[in-house]
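Reading through the structure tokens given below for one structure.
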Amino acid sequence: MAEQPAVSRRRSSASRRKPKKNQIPFGVALVAIVVAIGIALGTKNPTLALFWITGICFGAILQKGRFCFTASMRDPYLTGSTSLTRAVLMAFAVTTLGFAAIKYGYAAQGLPMPGMSYVVPISLATIIGAFMFGIGMVIAGGCASGTLMRVGEGFQMQIISLFFFTVGSLWGAHDFGWWKYNVISKGKAVFLPDVFGWAGAIALQLAIIALLYIAAEKYEEKRKND
Amino acid sequence: MNEVIIDCLGEACPVPLVKAQNKLKEMAIGDVLIVQIDHSCAMKNLPEWTNKDGHNVEVEEVDDGEWEVIIEKAK
């Protein structure tokens with residue numbers, strides 16, 4: 001390797017530009033504002049403060065972790081990389097345990113389980129809807145959380161995505177009654193612990209996630225060797 | 001040695017990646033492709049793919065929220 005790669009020989013175009021602004025003062029000011037709003041919300045309603053903090057944390061993790069649900073579904077095909085796919089599967093595994101623990105905690109005491117309104121019927125509509133959502137999020141460059149995160153980053157094109165995401169959500173909410181009555185309610189709601197028992201449901205779900213994880217890893221290997 | 005610049009400013013991912021993949025196919029070994037991006041996630045998937053495909057790659061933040069991905073075609 002006598003010759004240096006062209007990449008490092010190339011003169012940076014950064015030197016032609018104006019120097020970057022120091023962002024640290026803005027960061028400090030932003031943290032101060034976030035804390036101040038948090039305290040203000042907390043004195044009025046502690047739940048609001050909790051939402052504020054978890055929302056900010058989710059945003060920061062999404063942005064800094066470059067976590068992207070869209071890329072997790074798209075990159076295996078485009079780049080052959082399944083690192084984000086596996087990250088999402090990992091997150092599913094963690095949430096499986098977390099939600100099962102919360103729900104079991106309530107069920108064991110004979111209390112009504114929280115979040116049971118999300119156990120909704122599944123049918124062909126689920127698959128068609130998921131497929132349409134998949135097409136939409138790749139074109140829009142982000143799913144719901146990804147779009148919000150990138151609007152926060154200042155990516156202007158995605159403000160358009162956010163606008164139409166809102167329009168679509170409102171339209172969906174407007175017609176949801178019809179869909180629910182005519183399509184969704186025709187399906188069957190399945191709550192896995194009712195079918196397999198708590199241990200069985202958790203084991204089954206984790207096993208499926210593990211299989212998908214292995215499949216993702218094998219797929220990446222295969223693509224690398226092609 | 002050719003140097004090609006593609007302007008992907010304002011393009012959401014995966015557009016910069018696909019454009020770079022297509023451009024790189026037409027280029028000769030040793031040519032340098034510079035992809036200008038301002039979409040932060042292209043900064044991750046573009047170098048990831050290029051590394052995997054076996055090219056030399058470097059990312060440079062030329063301005064706040066604006067990057068240049070410099071790719072040297074190696075094979």
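To be explicit about the labels: the chains of the structure tokens are called A, B, and onward in the order shown, and within each one the residues are counted from 1, while ligands get numbers from 1 in the order they are shown.
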
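Residues within 7 Å of Leu84 (chain A), counting only C-alpha atoms and excluding same-chain residues fewer than 3 positions away, are Phe67, Ala71, Ser72, Ala87 and Val88 of chain A.
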
Q) Within 7 Å of chain A, which residues of chain B show up when using only C-alpha atoms, listed as a list in words? A)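 Putting it all together, I get Gly10, Ala12, Cys13, His39, Cys41, Trp49, Asn56, Val57, Glu58, Val62, Asp63, Asp64, Ile70, Ile71 and Glu72 of chain B.
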
Let's have the selection written as an mmCIF file, in the first residue's frame, with N, CA and C atoms.
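Below you can see result09.cif, which holds the result:
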data_model
loop_
_atom_site.group_PDB
_atom_site.id
_atom_site.type_symbol
_atom_site.label_atom_id
_atom_site.label_comp_id
_atom_site.auth_asym_id
_atom_site.auth_seq_id
_atom_site.Cartn_x
_atom_site.Cartn_y
_atom_site.Cartn_z
ATOM 1 N N GLY B 10 -31.893 17.305 0.437
ATOM 2 C CA GLY B 10 -33.352 17.332 0.447
ATOM 3 C C GLY B 10 -33.992 16.017 0.092
ATOM 4 N N ALA B 12 -34.891 12.201 1.000
ATOM 5 C CA ALA B 12 -34.990 11.326 2.157
ATOM 6 C C ALA B 12 -34.412 9.959 1.798
ATOM 7 N N CYS B 13 -33.926 9.254 2.816
ATOM 8 C CA CYS B 13 -33.431 7.930 2.515
ATOM 9 C C CYS B 13 -34.638 7.045 2.201
ATOM 10 N N HIS B 39 -29.852 14.217 4.939
ATOM 11 C CA HIS B 39 -30.788 13.354 5.648
ATOM 12 C C HIS B 39 -29.967 12.448 6.533
ATOM 13 N N CYS B 41 -30.199 9.813 8.236
ATOM 14 C CA CYS B 41 -30.088 8.362 8.256
ATOM 15 C C CYS B 41 -29.380 7.830 7.032
ATOM 16 N N TRP B 49 -23.570 0.284 3.675
ATOM 17 C CA TRP B 49 -23.642 -0.500 2.444
ATOM 18 C C TRP B 49 -22.306 -0.476 1.706
ATOM 19 N N ASN B 56 -13.902 2.027 -0.329
ATOM 20 C CA ASN B 56 -13.429 2.925 0.730
ATOM 21 C C ASN B 56 -14.434 4.051 0.899
ATOM 22 N N VAL B 57 -14.711 4.378 2.130
ATOM 23 C CA VAL B 57 -15.739 5.397 2.352
ATOM 24 C C VAL B 57 -15.364 6.275 3.544
ATOM 25 N N GLU B 58 -15.750 7.527 3.407
ATOM 26 C CA GLU B 58 -15.475 8.471 4.478
ATOM 27 C C GLU B 58 -16.655 9.444 4.542
ATOM 28 N N VAL B 62 -19.952 18.657 6.492
ATOM 29 C CA VAL B 62 -19.451 19.894 5.894
ATOM 30 C C VAL B 62 -20.146 21.119 6.474
ATOM 31 N N ASP B 63 -21.324 20.919 7.006
ATOM 32 C CA ASP B 63 -22.037 22.017 7.643
ATOM 33 C C ASP B 63 -22.966 21.379 8.671
ATOM 34 N N ASP B 64 -23.618 22.207 9.483
ATOM 35 C CA ASP B 64 -24.534 21.617 10.456
ATOM 36 C C ASP B 64 -25.632 20.869 9.722
ATOM 37 N N ILE B 70 -17.912 10.322 0.884
ATOM 38 C CA ILE B 70 -16.912 10.210 -0.177
ATOM 39 C C ILE B 70 -16.597 8.735 -0.357
ATOM 40 N N ILE B 71 -16.896 8.239 -1.542
ATOM 41 C CA ILE B 71 -16.741 6.813 -1.797
ATOM 42 C C ILE B 71 -15.714 6.626 -2.911
ATOM 43 N N GLU B 72 -14.739 5.775 -2.660
ATOM 44 C CA GLU B 72 -13.807 5.399 -3.720
ATOM 45 C C GLU B 72 -14.120 4.001 -4.156
#

Q.
Just want the 7 Å neighbourhood of region 113-126 of chain A, counted on only C-alpha atoms, with same-chain residues fewer than 2 positions away dropped. Output as number ranges by chain.
A. A: 103, 106-107, 111, 128-130, 184-185, 187-191

**Q.** Residue contacts of Ile34 (chain B) (8 Å, only C-alpha atoms) excluding same-chain residues fewer than 4 positions away, as a PyMOL selection string
**A.** chain B and resi 3-6+68-71

File of the preceding selection, N, CA and C atoms, as a PDB file, in the first residue's frame:
ATOM      1  N   GLU B   3     -14.024  12.217 -10.744  1.00  0.00           N
ATOM      2  CA  GLU B   3     -14.701  12.553  -9.501  1.00  0.00           C
ATOM      3  C   GLU B   3     -16.115  12.988  -9.846  1.00  0.00           C
ATOM      4  N   VAL B   4     -17.072  12.286  -9.306  1.00  0.00           N
ATOM      5  CA  VAL B   4     -18.469  12.589  -9.619  1.00  0.00           C
ATOM      6  C   VAL B   4     -19.156  13.046  -8.339  1.00  0.00           C
ATOM      7  N   ILE B   5     -19.915  14.119  -8.448  1.00  0.00           N
ATOM      8  CA  ILE B   5     -20.666  14.591  -7.284  1.00  0.00           C
ATOM      9  C   ILE B   5     -22.152  14.391  -7.561  1.00  0.00           C
ATOM     10  N   ILE B   6     -22.850  13.725  -6.651  1.00  0.00           N
ATOM     11  CA  ILE B   6     -24.298  13.720  -6.811  1.00  0.00           C
ATOM     12  C   ILE B   6     -24.931  14.466  -5.651  1.00  0.00           C
ATOM     13  N   GLU B  68     -21.029  15.042   3.439  1.00  0.00           N
ATOM     14  CA  GLU B  68     -20.570  14.518   2.160  1.00  0.00           C
ATOM     15  C   GLU B  68     -20.046  13.117   2.419  1.00  0.00           C
ATOM     16  N   VAL B  69     -20.595  12.172   1.693  1.00  0.00           N
ATOM     17  CA  VAL B  69     -20.089  10.804   1.782  1.00  0.00           C
ATOM     18  C   VAL B  69     -19.179  10.596   0.595  1.00  0.00           C
ATOM     19  N   ILE B  70     -17.912  10.322   0.884  1.00  0.00           N
ATOM     20  CA  ILE B  70     -16.912  10.210  -0.177  1.00  0.00           C
ATOM     21  C   ILE B  70     -16.597   8.735  -0.357  1.00  0.00           C
ATOM     22  N   ILE B  71     -16.896   8.239  -1.542  1.00  0.00           N
ATOM     23  CA  ILE B  71     -16.741   6.813  -1.797  1.00  0.00           C
ATOM     24  C   ILE B  71     -15.714   6.626  -2.911  1.00  0.00           C
TER      25      ILE B  71
END

List as CSV every residue of region 45-162 of chain A that is in contact with region 204-214 of chain A, defined as an atom at most 7 Å from one of its atoms (using only C-alpha atoms), together with the nearest atom pair and the distance in Å rounded to one decimal, sorted by chain and then rising number.
residue,atom,partner,partner_atom,distance
A:Arg86,CA,A:Tyr213,CA,5.8
A:Leu89,CA,A:Ile209,CA,6.2
A:Ala93,CA,A:Leu206,CA,6.2

Q.
Set the distance at 8 Å and use only C-alpha atoms: which residues neighbour region 165-182 of chain A once local chain neighbours fewer than 4 positions away are removed? I'd like the list as a PyMOL selection string.
A. chain A and resi 144+161+186

Residues just named, written with C-alpha atoms as a PDB file, in the first residue's frame:
ATOM      1  CA  ALA A 144     -44.833   7.769  12.382  1.00  0.00           C
ATOM      2  CA  SER A 161     -44.948  13.733   5.254  1.00  0.00           C
ATOM      3  CA  LYS A 186     -65.478  -9.790  11.325  1.00  0.00           C
TER       4      LYS A 186
END
